[in-house]
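Enquirer: After the structure tokens below, expect a handful of questions from me.
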Amino acid sequence: MAFYFLLRNSILALGLLLLLNPILVAAESDSQRGAFHVTIQGDAQGVPFSPTMHGVFFEDINYAADGGLYAELIQNRSFEHRDHLYAWKPTSDSVAIEIATDNPLHANNPSFCRVAVETAGAGIANGGYDGLDLEQGAKYLVSLHVRGPGGNVFVILRGANGEEAAKATLGRVTGEWQHLEGQLVPGSDVRDGRLEVVFDQPGTFDVDMVSLFPADTFHGRRNGLRKDLAQKLADLKPGFVRFPGGCIVEGRTLDNAYQWKDTVGPIWQRKQNYNLWTNRDNPQYHQTYGLGFFEFFQFCEDIGAEAVPIVNCGMACQARRGQPAPMDELGPWVQDALDLVEFANGPVDTKWGRVRAEMGHPEPFNLKYLGVGNEQWMEDYFERYLVFHQALAAQYPDLQIISTSGPQANDGYYQYAWQRFDNDVPADLVDEHYYRSPQWFLANSERYDRYDPQGPKVFAGEFAAHESNRASTLRAAVSEAAFMTGLWRNADVVTMASYAPLFAREGNVQWTPDLIWFNNTESYGTPSYYVQAMYGQHVPDVSLPTEVDASEVAAPQFRGRVGVGTWLTQAEFKDIRVTQGEQVLYEWDGSLDGWDKFGGDWSVVDGVIRQTSEAENVRAFVGDEDWSDYTLELKARKLAGREGFLVSFASRDPRVTSWWNLGGWGNTDHGLESPTIPLQRIRGSIDTGRWYDVRIEVKPTAVICYLDGKELQRAEVQPTPTIFAASGWDEQTGEYVVAIANAGDQARQGVIQVAGGKFSGDARLVTLTSESPLDVNSFASPEKVVPQEKTVAVREGTVPFELPGTSFTIVRAKGTR
């Protein structure tokens, strides 16, 4: 993932769509809301689509693996968490438990639970992930490893109130480690339950690898995947699966880097790891590696997707600045990459091909792609990448090797290294990442029109439109859909694309927005999920030239209140004044009366406004939502904390970011951020204890920012198109396929026509829209925003229809070329 976004306050400062943002007022004429025409060049040869155009990116963030896609129901099943007894407790006061390591089950799994039982029928209990939720009559497979003085070991499934829902005898305990299995079938639904492992006689017992799996996993795999979540991925019809993640691959340091060899073999022999996304709220986030590289390959095979594994390039996560492996110590990292290809494709008489065969898959997985590194872009990366490429290409000349260009490649701020190396770096594909505002996605729909189709192909490996509040809105999804018309149009440049992140577990989230949300029993797709599904389910064979004739929308006007704020910082503000020409709209009177405060600890002390909380995204606003064409002046001083301060302008909605961010990004940059302008960053920091003079001139379509009397940043709003389209031809069905997005808030009447061909019969329309562009799906309303289908008649050789405001539509119509 693009972790650098988590480090500073711009994660909520990314803009929203131009037309729909309540900050801005745009006067549209009837003609601007009028007809659109989409013309397909039916007689063109077209550009072949890659079957891997649309795929998915998996990373174990937001409990996506353990507690998520991996169907294991017991948390910390092998006592290898850093808090080894996490999620476990005795069933009664007559039981004492501790962690032991003498003569373990396996050297890679050194810890186990020693259970001292004084009373028969007692033992240890585990509530899984937020309690066990099991279905009446369903089969659940239970297993464990145990040794002890004798007697029998039982497992009991209990509900929230301690009632027994199921019980199974696993067998007799002996003095050596043994693997025992059984089955549980609840007699009633269990909610917020627990599994108990109990013994029928007193004594001291050693327990390890306690597992509880639903028998009904995806494709019936024993160490398999949660069925509903895996099916949601399969329904996307992905051409590839990129795994095992982004920053997860790199690790917090190289000691924490993802090692694929730790994830294969019997599950009780896999060496586990703490999760890089561990934080204060999730200190026990852990990777059991039960969902390992074998399972990833197997899943790709099950759903007909290409596997795209990513290997560590000898560098830790760029945002955490871990020390890279020295160049003269890079050999083991390169060998790991070579061995991975052997594991996937090697004959059974090779070392790693044999491991694959022993896991039940003697046939090769036919791996075709391999990514080297994740989201690295500086010289250290490219020096190491060249070593990997040379070794991989020499041994596996047919392997497609993927390099990374870093976040927002070629956007300016991170382009230096790629420009330095692009003529010297051999790569089949280049992995680009972008997490930006919906407006950025609209403005960059033509991004790949400028790329050289003879150069390396583009892998848009991680992207998502970020609303300022990080909600997964229809508006964000439509902006992504609009951007992706540019991927279709440039199918000779872009051959892979995947949204990120994929999963989020309710109550255990480190990053938003996400494609699929789930809890123990339910899951739903966000509007962005349905955009990806619509694209993935309707991939044509060739891309055809497509012309869109639709009016641009007039540039909006900045309009709204002013405000001050902080991010992880304490600050003071004074002498706040807003003027419009000679007229004074507001002048601070020494009181916070009339101010709307959002978070923080605000007070008036010694004649200044003081904010002393070091929380994130703390803001306060004053003024009129209809203010326009004004100048804001104030003085600001940082008192303490990690960053500088925020000065808001043109604000009509506190959830939406429109501010000058002074000393953001860990007090390294100043950023001008608003929905209608791309993020602008320049180097700059804010000193603690110093008063700064801030002046922001808010023009109808421009913003000019001054610090201590010097102009530092300015931006102007430009008219933006709202209709985006691309098309192709499906050889098998004989259909034209058109992807068309309306990013405006007004419905548009229009037609699709073919030059050099014709439509025949009716057209099928699949449309994603809703009552409001801010609509989202949720557990309460999982289908508030879902695609709807209808049929329209072809008239006079065209497909006429109304394109709803804030919508994305796939049109399929029979025809000839």
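Note on naming: chains are A, B, ... as they come in the structure tokens, residues start from 1 per chain, ligands start from 1 in the order shown.
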Can you pull out the residues contacting segment 439-451 of chain A? Cut-off 8 Å, using only C-alpha atoms, and skip same-chain residues under 5 positions away; I want them as a PyMOL selection string.
Expert: chain A and resi 15-18+465+479-480+482-487+490+493-494+675-678+720
Enquirer: With N, CA and C atoms retained, write the just-selected residues as a CSV table (one decimal), in the first residue's frame.
Expert:
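Just written: result.csv:
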chain,number,residue,atom,x,y,z
A,15,GLY,N,-9.4,15.6,-2.6
A,15,GLY,CA,-10.6,16.3,-3.0
A,15,GLY,C,-11.7,15.4,-3.5
A,16,LEU,N,-12.9,16.0,-3.7
A,16,LEU,CA,-14.0,15.3,-4.2
A,16,LEU,C,-14.4,15.8,-5.6
A,17,LEU,N,-15.4,15.1,-6.2
A,17,LEU,CA,-15.7,15.4,-7.6
A,17,LEU,C,-16.1,16.9,-7.7
A,18,LEU,N,-15.7,17.4,-8.9
A,18,LEU,CA,-16.0,18.8,-9.2
A,18,LEU,C,-17.4,19.2,-9.1
A,465,ALA,N,-10.0,6.1,-5.5
A,465,ALA,CA,-10.4,7.5,-5.3
A,465,ALA,C,-10.7,7.7,-3.9
A,479,SER,N,-15.9,8.2,-10.4
A,479,SER,CA,-14.7,8.8,-10.8
A,479,SER,C,-13.6,7.7,-11.2
A,480,GLU,N,-13.6,6.6,-10.5
A,480,GLU,CA,-12.7,5.5,-10.9
A,480,GLU,C,-13.2,4.9,-12.2
A,482,ALA,N,-14.7,6.5,-14.6
A,482,ALA,CA,-14.3,7.4,-15.7
A,482,ALA,C,-12.8,7.3,-16.0
A,483,PHE,N,-12.0,7.2,-15.0
A,483,PHE,CA,-10.6,7.0,-15.2
A,483,PHE,C,-10.3,5.7,-16.0
A,484,MET,N,-11.0,4.7,-15.7
A,484,MET,CA,-10.8,3.4,-16.3
A,484,MET,C,-11.2,3.3,-17.8
A,485,THR,N,-12.0,4.3,-18.2
A,485,THR,CA,-12.2,4.3,-19.7
A,485,THR,C,-10.9,4.6,-20.4
A,486,GLY,N,-10.0,5.3,-19.7
A,486,GLY,CA,-8.7,5.6,-20.3
A,486,GLY,C,-7.9,4.3,-20.4
A,487,LEU,N,-8.1,3.4,-19.4
A,487,LEU,CA,-7.4,2.1,-19.5
A,487,LEU,C,-7.8,1.3,-20.7
A,490,ASN,N,-6.5,2.7,-23.9
A,490,ASN,CA,-5.1,2.5,-24.1
A,490,ASN,C,-4.7,1.1,-23.8
A,493,VAL,N,-1.2,-0.1,-24.0
A,493,VAL,CA,-0.3,0.4,-23.0
A,493,VAL,C,-0.5,-0.2,-21.6
A,494,VAL,N,-1.8,-0.3,-21.2
A,494,VAL,CA,-2.2,-0.8,-19.9
A,494,VAL,C,-2.7,-2.2,-20.1
A,675,PRO,N,-11.1,20.4,-3.7
A,675,PRO,CA,-11.7,19.4,-4.6
A,675,PRO,C,-11.5,19.6,-6.1
A,676,THR,N,-11.4,20.9,-6.5
A,676,THR,CA,-11.3,21.2,-7.9
A,676,THR,C,-9.9,21.4,-8.5
A,677,ILE,N,-9.0,21.2,-7.6
A,677,ILE,CA,-7.6,21.4,-8.1
A,677,ILE,C,-6.8,20.2,-7.6
A,678,PRO,N,-5.8,19.7,-8.5
A,678,PRO,CA,-5.0,18.6,-8.0
A,678,PRO,C,-4.1,19.1,-6.8
A,720,THR,N,-14.2,21.1,-16.6
A,720,THR,CA,-14.0,19.6,-16.5
A,720,THR,C,-15.0,18.9,-17.3
Enquirer: Here is a test: counting only C-alpha atoms, which residue of A:Gly127, A:Pro719, A:Gly756, A:Gly42 is nearest to Gly67 of chain A?
Expert: A:Gly127
Enquirer: Would you give me, as a ChimeraX atom specification, the residues in segment 282-386 of chain A that DSSP reads as helix (DSSP H, G or I)?
Expert: /A:293-303,327-329,331-345,351-358,379-386
Enquirer: Do a neighbour search on Glu673 of chain A at 6 Å with only C-alpha atoms, toss out local chain neighbours closer than 3 positions, and write the hits as a ChimeraX atom specification.
Expert: /A:658-659,679
Enquirer: Go through A:Pro787, A:Val799, A:Ser472, A:Gly182 one by one, measure the shortest atom-to-atom distance of each to Gln749 of chain A using only C-alpha atoms, and give the residue with the smallest value.
Expert: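 Ranked by minimum distance to Gln749 of chain A, first place goes to A:Val799.
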Enquirer: Out of A:Tyr289, A:Tyr706, A:Phe49, A:Trp602, which residue has the shortest atom-to-atom distance to Glu80 of chain A when counting only C-alpha atoms?
Expert: A:Tyr289
Enquirer: For the structure I just gave you, how does DSSP split segment 577-771 of chain A - specifically, which residues are strand (DSSP E or B)? Reply as an MDAnalysis selection string.
Expert: chainID A and resid 577:580 583:587 596:598 602:605 608:611 618:622 630:641 645:651 659:663 669:674 677:683 688 691:698 702:707 710:716 720 723:730 735:742 748:755 758:768
Enquirer: Between A:Met315, A:Val811, A:Ala165, A:Val542, which is the closest to Gln732 of chain A once you count only C-alpha atoms?
Expert: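 Of A:Met315, A:Val811, A:Ala165, A:Val542, the one nearest Gln732 of chain A, counting only C-alpha atoms, is A:Val542.
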Enquirer: Fewer than 4 positions away in the same chain doesn't count, so skip those; otherwise give me all residues within 10 Å of Tyr535 of chain A, counting only C-alpha atoms, as a ChimeraX atom specification.
Expert: /A:53-55,236-238,481,484-485,488,530-531,539-540,739,809-810
Enquirer: Please produce a file of the residues just selected, as a PDB file, in the first residue's frame, where the atoms kept are N, CA and C atoms.
Expert:
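Once everything was written out, this is result-v4.pdb:
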ATOM      1  N   MET A  53      -6.422  -7.547 -18.007  1.00  0.00           N
ATOM      2  CA  MET A  53      -6.683  -6.110 -17.842  1.00  0.00           C
ATOM      3  C   MET A  53      -7.207  -5.782 -16.442  1.00  0.00           C
ATOM      4  N   HIS A  54      -8.177  -6.550 -15.961  1.00  0.00           N
ATOM      5  CA  HIS A  54      -8.779  -6.267 -14.660  1.00  0.00           C
ATOM      6  C   HIS A  54      -8.501  -7.420 -13.699  1.00  0.00           C
ATOM      7  N   GLY A  55      -7.987  -7.105 -12.525  1.00  0.00           N
ATOM      8  CA  GLY A  55      -7.690  -8.122 -11.531  1.00  0.00           C
ATOM      9  C   GLY A  55      -7.893  -7.603 -10.134  1.00  0.00           C
ATOM     10  N   LEU A 236     -15.884 -11.079  -9.492  1.00  0.00           N
ATOM     11  CA  LEU A 236     -15.249  -9.960 -10.198  1.00  0.00           C
ATOM     12  C   LEU A 236     -14.682 -10.397 -11.549  1.00  0.00           C
ATOM     13  N   LYS A 237     -14.579 -11.706 -11.772  1.00  0.00           N
ATOM     14  CA  LYS A 237     -13.972 -12.264 -12.982  1.00  0.00           C
ATOM     15  C   LYS A 237     -12.563 -11.698 -13.189  1.00  0.00           C
ATOM     16  N   PRO A 238     -11.730 -11.775 -12.144  1.00  0.00           N
ATOM     17  CA  PRO A 238     -10.402 -11.156 -12.258  1.00  0.00           C
ATOM     18  C   PRO A 238      -9.500 -11.933 -13.210  1.00  0.00           C
ATOM     19  N   ALA A 481     -14.480   4.794 -12.402  1.00  0.00           N
ATOM     20  CA  ALA A 481     -14.986   4.266 -13.664  1.00  0.00           C
ATOM     21  C   ALA A 481     -14.612   5.172 -14.826  1.00  0.00           C
ATOM     22  N   MET A 484     -11.036   4.663 -15.689  1.00  0.00           N
ATOM     23  CA  MET A 484     -10.773   3.364 -16.297  1.00  0.00           C
ATOM     24  C   MET A 484     -11.193   3.318 -17.766  1.00  0.00           C
ATOM     25  N   THR A 485     -12.018   4.263 -18.216  1.00  0.00           N
ATOM     26  CA  THR A 485     -12.247   4.327 -19.659  1.00  0.00           C
ATOM     27  C   THR A 485     -10.933   4.597 -20.378  1.00  0.00           C
ATOM     28  N   TRP A 488      -9.140   1.273 -20.919  1.00  0.00           N
ATOM     29  CA  TRP A 488      -9.664   0.562 -22.092  1.00  0.00           C
ATOM     30  C   TRP A 488      -9.164   1.206 -23.374  1.00  0.00           C
ATOM     31  N   TYR A 530     -18.606  -2.733  -7.351  1.00  0.00           N
ATOM     32  CA  TYR A 530     -19.455  -2.984  -8.508  1.00  0.00           C
ATOM     33  C   TYR A 530     -18.890  -2.362  -9.777  1.00  0.00           C
ATOM     34  N   VAL A 531     -18.168  -1.271  -9.667  1.00  0.00           N
ATOM     35  CA  VAL A 531     -17.467  -0.745 -10.835  1.00  0.00           C
ATOM     36  C   VAL A 531     -16.449  -1.758 -11.332  1.00  0.00           C
ATOM     37  N   VAL A 539     -15.328  -7.574 -20.344  1.00  0.00           N
ATOM     38  CA  VAL A 539     -14.099  -7.252 -21.063  1.00  0.00           C
ATOM     39  C   VAL A 539     -14.253  -7.650 -22.534  1.00  0.00           C
ATOM     40  N   PRO A 540     -14.111  -6.720 -23.468  1.00  0.00           N
ATOM     41  CA  PRO A 540     -14.163  -7.078 -24.884  1.00  0.00           C
ATOM     42  C   PRO A 540     -12.844  -7.700 -25.339  1.00  0.00           C
ATOM     43  N   ALA A 739     -18.318   1.257 -22.220  1.00  0.00           N
ATOM     44  CA  ALA A 739     -18.259   1.698 -20.825  1.00  0.00           C
ATOM     45  C   ALA A 739     -18.410   3.213 -20.830  1.00  0.00           C
ATOM     46  N   THR A 809     -22.282   3.062 -16.645  1.00  0.00           N
ATOM     47  CA  THR A 809     -23.109   2.140 -17.411  1.00  0.00           C
ATOM     48  C   THR A 809     -22.247   1.323 -18.370  1.00  0.00           C
ATOM     49  N   ILE A 810     -22.553   0.037 -18.437  1.00  0.00           N
ATOM     50  CA  ILE A 810     -22.021  -0.834 -19.487  1.00  0.00           C
ATOM     51  C   ILE A 810     -23.157  -1.089 -20.474  1.00  0.00           C
TER      52      ILE A 810
END
Enquirer: So that I can see what lies close to Lys638 of chain A, please list as a list in words the residues with an atom at most 10 Å from it, counting only C-alpha atoms and leaving out residues fewer than 5 positions away in the same chain.
Expert: Thr566, Thr569, Gln570, Ala571, Glu572, Phe573, Arg610, Gln611, Glu643, Gly644, Phe645, Gly663, Ile686, Asp687, Thr688, Gly689, Arg690, Trp691 and Tyr692 of chain A
Enquirer: Restricted to N, CA and C atoms, what would the selected residues look like written as a short mmCIF file (atom, residue, chain, number, x, y, z; two decimals), in the first residue's frame?
Expert:
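File again-v5.cif, as written:
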data_model
loop_
_atom_site.label_atom_id
_atom_site.label_comp_id
_atom_site.auth_asym_id
_atom_site.auth_seq_id
_atom_site.Cartn_x
_atom_site.Cartn_y
_atom_site.Cartn_z
N THR A 566 -5.73 21.93 13.04
CA THR A 566 -4.44 21.28 13.29
C THR A 566 -4.54 19.81 12.96
N THR A 569 -1.05 18.31 16.21
CA THR A 569 -0.31 19.53 16.58
C THR A 569 -1.17 20.40 17.49
N GLN A 570 -0.52 21.17 18.36
CA GLN A 570 -1.16 22.24 19.10
C GLN A 570 -0.79 23.57 18.45
N ALA A 571 -1.75 24.50 18.42
CA ALA A 571 -1.47 25.76 17.74
C ALA A 571 -2.35 26.88 18.30
N GLU A 572 -1.97 28.12 17.96
CA GLU A 572 -2.73 29.30 18.32
C GLU A 572 -3.00 30.14 17.07
N PHE A 573 -4.11 30.89 17.11
CA PHE A 573 -4.49 31.74 15.98
C PHE A 573 -5.03 33.07 16.51
N ARG A 610 -6.73 29.10 21.05
CA ARG A 610 -5.75 28.05 21.31
C ARG A 610 -6.42 26.69 21.14
N GLN A 611 -5.71 25.80 20.46
CA GLN A 611 -6.16 24.42 20.29
C GLN A 611 -5.06 23.50 20.79
N GLU A 643 3.32 18.39 13.24
CA GLU A 643 3.15 19.10 11.97
C GLU A 643 2.94 20.59 12.22
N GLY A 644 2.35 21.29 11.24
CA GLY A 644 2.17 22.73 11.35
C GLY A 644 0.73 23.07 11.71
N PHE A 645 0.00 23.72 10.80
CA PHE A 645 -1.39 24.06 11.05
C PHE A 645 -2.14 24.13 9.73
N GLY A 663 3.09 22.94 6.76
CA GLY A 663 3.86 22.04 7.60
C GLY A 663 3.25 20.66 7.70
N ILE A 686 7.22 24.39 9.39
CA ILE A 686 6.75 25.42 10.33
C ILE A 686 7.54 25.29 11.63
N ASP A 687 8.13 26.40 12.07
CA ASP A 687 8.89 26.42 13.32
C ASP A 687 7.95 26.52 14.50
N THR A 688 8.28 25.85 15.58
CA THR A 688 7.50 25.94 16.82
C THR A 688 7.76 27.29 17.49
N GLY A 689 6.68 27.90 17.96
CA GLY A 689 6.80 29.14 18.74
C GLY A 689 6.85 30.42 17.92
N ARG A 690 6.85 30.34 16.62
CA ARG A 690 6.96 31.52 15.76
C ARG A 690 5.59 31.89 15.18
N TRP A 691 5.26 33.19 15.23
CA TRP A 691 4.03 33.67 14.61
C TRP A 691 4.25 33.84 13.11
N TYR A 692 3.29 33.32 12.32
CA TYR A 692 3.34 33.45 10.87
C TYR A 692 2.15 34.28 10.39
#
Enquirer: Skipping near chain neighbours, those fewer than 3 positions away, what residues fall within 6 Å of Leu646 of chain A using only C-alpha atoms, listed as a VMD selection string?
Expert: chain A and resid 564 to 566 660 to 661
Enquirer: Which is closer to Ile696 of chain A than all the others in A:Asn519, A:Thr52, A:Thr91, A:Gln713, using only C-alpha atoms?
Expert: A:Gln713
